[in-house]
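Let me begin by presenting the structure, written as structure tokens, before commenting on it.
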Amino acid sequence: MLDLQTEAPAFELPDVISGNVISLKDISSGKQGTIVMFICNHCPYVKHVQSELVRLANDYKDHDIGCVAISSNDIEGYPEDAPGYMLEEARKWKYPFPYLFDETQEVAQSYKAACTPDFYLFDGQLKLVYRGQLDGSRPGNNVPLTGESLRKALDSIIAGIPIDENQIPSMGCNIKWKE
């Protein structure tokens, strides 16, 4: 895991929704905080939380919180994670954030992303203040999907109070690395 207070690794990746190349600066410029999340199309853990990802991004966009999703999976082994299918998912769920394709997997490596979904929250100076779970809900565990853990960190940024450093790591499917 990235250490807290690590500066956000820069990136420039294609957005499957707009067709534009999007950078970290595009997402974070002038923002109070920035969420970088690693997701994919096929993972049951991501499928389980998609509605909350959309709700959370919509809830916080008026609070100067930038948000971006990145898919880094190997599309040769997992063709359902290819850009065309990413666009279909983004449209189906009405993603209010860019959905970027990390073909080389270099961005996932620079963030030390391990699974999908994986969440990173950076403050206005792009220092890592939270890396952990969305909430305690998992497919089949009957815990309500609320985004509680990430929302608590976001609310702390907005209120200008320190974020609890005791953070529970994300759980999901391993990123599908190229051989």
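Letters for chains follow the order of the structure tokens (A, B, ...), residue numbers begin at 1 for each chain, and ligand numbers begin at 1 in the order shown.
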
| field | Selection near Glu12 in chain A, 7 Å with only C-alpha atoms, sequence-local residues under 3 positions removed, as a list in words | value |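 That gives Val21, Ile22, Ser23 and Leu24 of chain A.
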
Would you mind exporting the chosen residues as a CSV table (one decimal), in the first residue's frame, restricted to C-alpha atoms?
chain,number,residue,atom,x,y,z
A,21,VAL,CA,-6.6,11.9,-22.6
A,22,ILE,CA,-7.2,12.9,-19.0
A,23,SER,CA,-4.5,13.7,-16.5
A,24,LEU,CA,-4.4,13.7,-12.7

| task | Compile the contact shell of Arg138 in chain A as number ranges by chain: residues with an atom at most 9 Å away, counting only C-alpha atoms, same-chain residues fewer than 5 positions apart removed. | result | A: 45, 48-49, 143-145, 171-172

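Proximity to Gly147 in chain A was assessed for A:Asn166, A:Gln50, A:Asn174, A:Asn73 counting only C-alpha atoms; the smallest distance is recorded for A:Gln50.
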
| request: Check the smallest atom-to-atom distance from each of A:Tyr95, A:Ile65, A:Gly132, A:Glu7 to Ala114 in chain A using only C-alpha atoms, then report the winner. | output: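 Looking at the shortest contact to Ala114 in chain A, the residue is A:Gly132.
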
| request: For range 117-127 of chain A, list every protein, DNA or RNA residue within 8 Å, evaluated using only C-alpha atoms, and leave out those in the same chain fewer than 4 positions away; present the list as JSON, numbers by chain. | output: {"A": [4, 5, 6, 7, 8, 28, 30, 31, 32, 33, 34, 35, 36, 37, 38, 39, 40, 45, 46, 113, 131, 132, 133, 134, 153, 154, 157, 170, 171, 172, 173]}

Grab the residues selected above and save them as an mmCIF file, in the first residue's frame with N, CA and C atoms.
data_model
loop_
_atom_site.group_PDB
_atom_site.id
_atom_site.type_symbol
_atom_site.label_atom_id
_atom_site.label_comp_id
_atom_site.auth_asym_id
_atom_site.auth_seq_id
_atom_site.Cartn_x
_atom_site.Cartn_y
_atom_site.Cartn_z
ATOM 1 N N LEU A 4 0.569 6.829 3.706
ATOM 2 C CA LEU A 4 -0.164 8.078 3.854
ATOM 3 C C LEU A 4 0.806 9.235 3.677
ATOM 4 N N GLN A 5 0.318 10.327 3.142
ATOM 5 C CA GLN A 5 1.061 11.540 2.809
ATOM 6 C C GLN A 5 1.926 11.408 1.562
ATOM 7 N N THR A 6 1.876 10.251 0.870
ATOM 8 C CA THR A 6 2.545 10.112 -0.421
ATOM 9 C C THR A 6 1.853 11.033 -1.424
ATOM 10 N N GLU A 7 2.645 11.701 -2.252
ATOM 11 C CA GLU A 7 2.058 12.538 -3.299
ATOM 12 C C GLU A 7 1.463 11.650 -4.386
ATOM 13 N N ALA A 8 0.291 12.033 -4.888
ATOM 14 C CA ALA A 8 -0.397 11.249 -5.917
ATOM 15 C C ALA A 8 0.487 11.091 -7.147
ATOM 16 N N SER A 28 -7.893 16.883 -10.496
ATOM 17 C CA SER A 28 -7.645 17.444 -9.165
ATOM 18 C C SER A 28 -7.530 18.965 -9.121
ATOM 19 N N GLY A 30 -7.700 22.550 -8.499
ATOM 20 C CA GLY A 30 -8.597 23.404 -7.732
ATOM 21 C C GLY A 30 -9.543 22.664 -6.818
ATOM 22 N N LYS A 31 -9.346 21.390 -6.663
ATOM 23 C CA LYS A 31 -10.258 20.581 -5.861
ATOM 24 C C LYS A 31 -9.790 20.487 -4.411
ATOM 25 N N GLN A 32 -10.746 20.256 -3.545
ATOM 26 C CA GLN A 32 -10.480 20.077 -2.116
ATOM 27 C C GLN A 32 -9.939 18.675 -1.836
ATOM 28 N N GLY A 33 -10.283 17.754 -2.699
ATOM 29 C CA GLY A 33 -9.831 16.374 -2.568
ATOM 30 C C GLY A 33 -10.063 15.647 -3.880
ATOM 31 N N THR A 34 -9.385 14.510 -4.041
ATOM 32 C CA THR A 34 -9.489 13.736 -5.267
ATOM 33 C C THR A 34 -9.529 12.257 -4.934
ATOM 34 N N ILE A 35 -10.539 11.579 -5.478
ATOM 35 C CA ILE A 35 -10.657 10.131 -5.337
ATOM 36 C C ILE A 35 -10.121 9.493 -6.614
ATOM 37 N N VAL A 36 -9.178 8.563 -6.452
ATOM 38 C CA VAL A 36 -8.706 7.741 -7.554
ATOM 39 C C VAL A 36 -9.094 6.315 -7.192
ATOM 40 N N MET A 37 -9.908 5.705 -8.047
ATOM 41 C CA MET A 37 -10.344 4.331 -7.753
ATOM 42 C C MET A 37 -10.002 3.419 -8.918
ATOM 43 N N PHE A 38 -9.549 2.234 -8.567
ATOM 44 C CA PHE A 38 -9.242 1.213 -9.554
ATOM 45 C C PHE A 38 -10.404 0.229 -9.557
ATOM 46 N N ILE A 39 -11.048 0.131 -10.729
ATOM 47 C CA ILE A 39 -12.193 -0.751 -10.880
ATOM 48 C C ILE A 39 -12.031 -1.515 -12.190
ATOM 49 N N CYS A 40 -12.962 -2.395 -12.491
ATOM 50 C CA CYS A 40 -13.017 -3.066 -13.781
ATOM 51 C C CYS A 40 -14.453 -3.491 -14.020
ATOM 52 N N TYR A 45 -16.995 -7.860 -7.007
ATOM 53 C CA TYR A 45 -16.917 -6.855 -5.936
ATOM 54 C C TYR A 45 -17.240 -5.464 -6.485
ATOM 55 N N VAL A 46 -16.740 -5.165 -7.688
ATOM 56 C CA VAL A 46 -17.052 -3.886 -8.323
ATOM 57 C C VAL A 46 -18.531 -3.838 -8.690
ATOM 58 N N ALA A 113 -1.753 -0.373 -6.561
ATOM 59 C CA ALA A 113 -3.104 -0.924 -6.537
ATOM 60 C C ALA A 113 -3.008 -2.442 -6.523
ATOM 61 N N ARG A 131 -6.538 5.363 2.100
ATOM 62 C CA ARG A 131 -6.486 4.265 1.145
ATOM 63 C C ARG A 131 -7.093 3.079 1.861
ATOM 64 N N GLY A 132 -8.257 2.704 1.358
ATOM 65 C CA GLY A 132 -8.956 1.627 2.036
ATOM 66 C C GLY A 132 -10.267 1.277 1.384
ATOM 67 N N GLN A 133 -11.103 0.636 2.168
ATOM 68 C CA GLN A 133 -12.369 0.126 1.675
ATOM 69 C C GLN A 133 -13.406 1.223 1.479
ATOM 70 N N LEU A 134 -14.378 0.925 0.632
ATOM 71 C CA LEU A 134 -15.538 1.789 0.466
ATOM 72 C C LEU A 134 -16.399 1.709 1.726
ATOM 73 N N ALA A 153 -14.046 9.637 5.472
ATOM 74 C CA ALA A 153 -12.797 10.311 5.108
ATOM 75 C C ALA A 153 -13.087 11.578 4.298
ATOM 76 N N LEU A 154 -14.029 11.508 3.374
ATOM 77 C CA LEU A 154 -14.400 12.675 2.573
ATOM 78 C C LEU A 154 -14.988 13.782 3.448
ATOM 79 N N ILE A 157 -12.219 15.614 5.215
ATOM 80 C CA ILE A 157 -11.538 16.589 4.346
ATOM 81 C C ILE A 157 -12.368 17.863 4.255
ATOM 82 N N SER A 170 -9.009 -2.207 1.102
ATOM 83 C CA SER A 170 -10.042 -2.700 0.196
ATOM 84 C C SER A 170 -9.929 -4.206 0.055
ATOM 85 N N MET A 171 -11.041 -4.800 -0.348
ATOM 86 C CA MET A 171 -11.068 -6.223 -0.634
ATOM 87 C C MET A 171 -11.783 -6.392 -1.966
ATOM 88 N N GLY A 172 -11.266 -7.270 -2.797
ATOM 89 C CA GLY A 172 -11.895 -7.520 -4.087
ATOM 90 C C GLY A 172 -11.093 -8.523 -4.879
ATOM 91 N N CYS A 173 -11.250 -8.452 -6.178
ATOM 92 C CA CYS A 173 -10.497 -9.323 -7.077
ATOM 93 C C CYS A 173 -9.121 -8.725 -7.325
#

| field | Contacts of Arg91 in chain A within 12 Å, only C-alpha atoms, excl. fewer than 6 positions in-chain, as JSON, numbers by chain | value | {"A": [16, 17, 18, 54, 84, 85, 97, 98, 99]}

| task | Would you return as number ranges by chain the members of chain A that DSSP assigns to strand (DSSP E or B) on this structure's backbone? | result | A: 7, 12-15, 21-23, 33-38, 65-71, 99-101, 115-116, 118-123, 127-132, 173-174

| Nearest to Glu80 in chain A among A:Leu150, A:Ala108, A:Leu53, A:Cys43, with distances taken over only C-alpha atoms: which residue is it? |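 Smallest distance to Glu80 in chain A is found for A:Cys43.
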
| message | Please identify the helix (DSSP H, G or I) residues within chain A (assignment by DSSP from backbone atoms) and present them as an NGL selection string. | response | :A and (24-28 or 44-63 or 79-81 or 83-93 or 106-111 or 148-159)

Fewer than 3 positions away in the same chain doesn't count, so skip those; otherwise give me all residues within 10 Å of Tyr78 in chain A, counting only C-alpha atoms, as a PDB file with C-alpha atoms, in the first residue's frame.
ATOM      1  CA  CYS A  40     -13.017  -3.066 -13.781  1.00  0.00           C
ATOM      2  CA  ASN A  41     -16.078  -4.458 -15.520  1.00  0.00           C
ATOM      3  CA  HIS A  42     -16.057  -8.141 -14.638  1.00  0.00           C
ATOM      4  CA  ASN A  73      -6.670  -5.262 -16.078  1.00  0.00           C
ATOM      5  CA  ASP A  74      -5.007  -7.313 -18.803  1.00  0.00           C
ATOM      6  CA  ILE A  75      -7.601  -7.309 -21.589  1.00  0.00           C
ATOM      7  CA  ASP A  81     -12.514  -5.278 -19.370  1.00  0.00           C
ATOM      8  CA  ALA A  82     -11.539  -3.797 -22.773  1.00  0.00           C
ATOM      9  CA  LYS A 176      -5.195  -9.030 -13.595  1.00  0.00           C
TER      10      LYS A 176
END
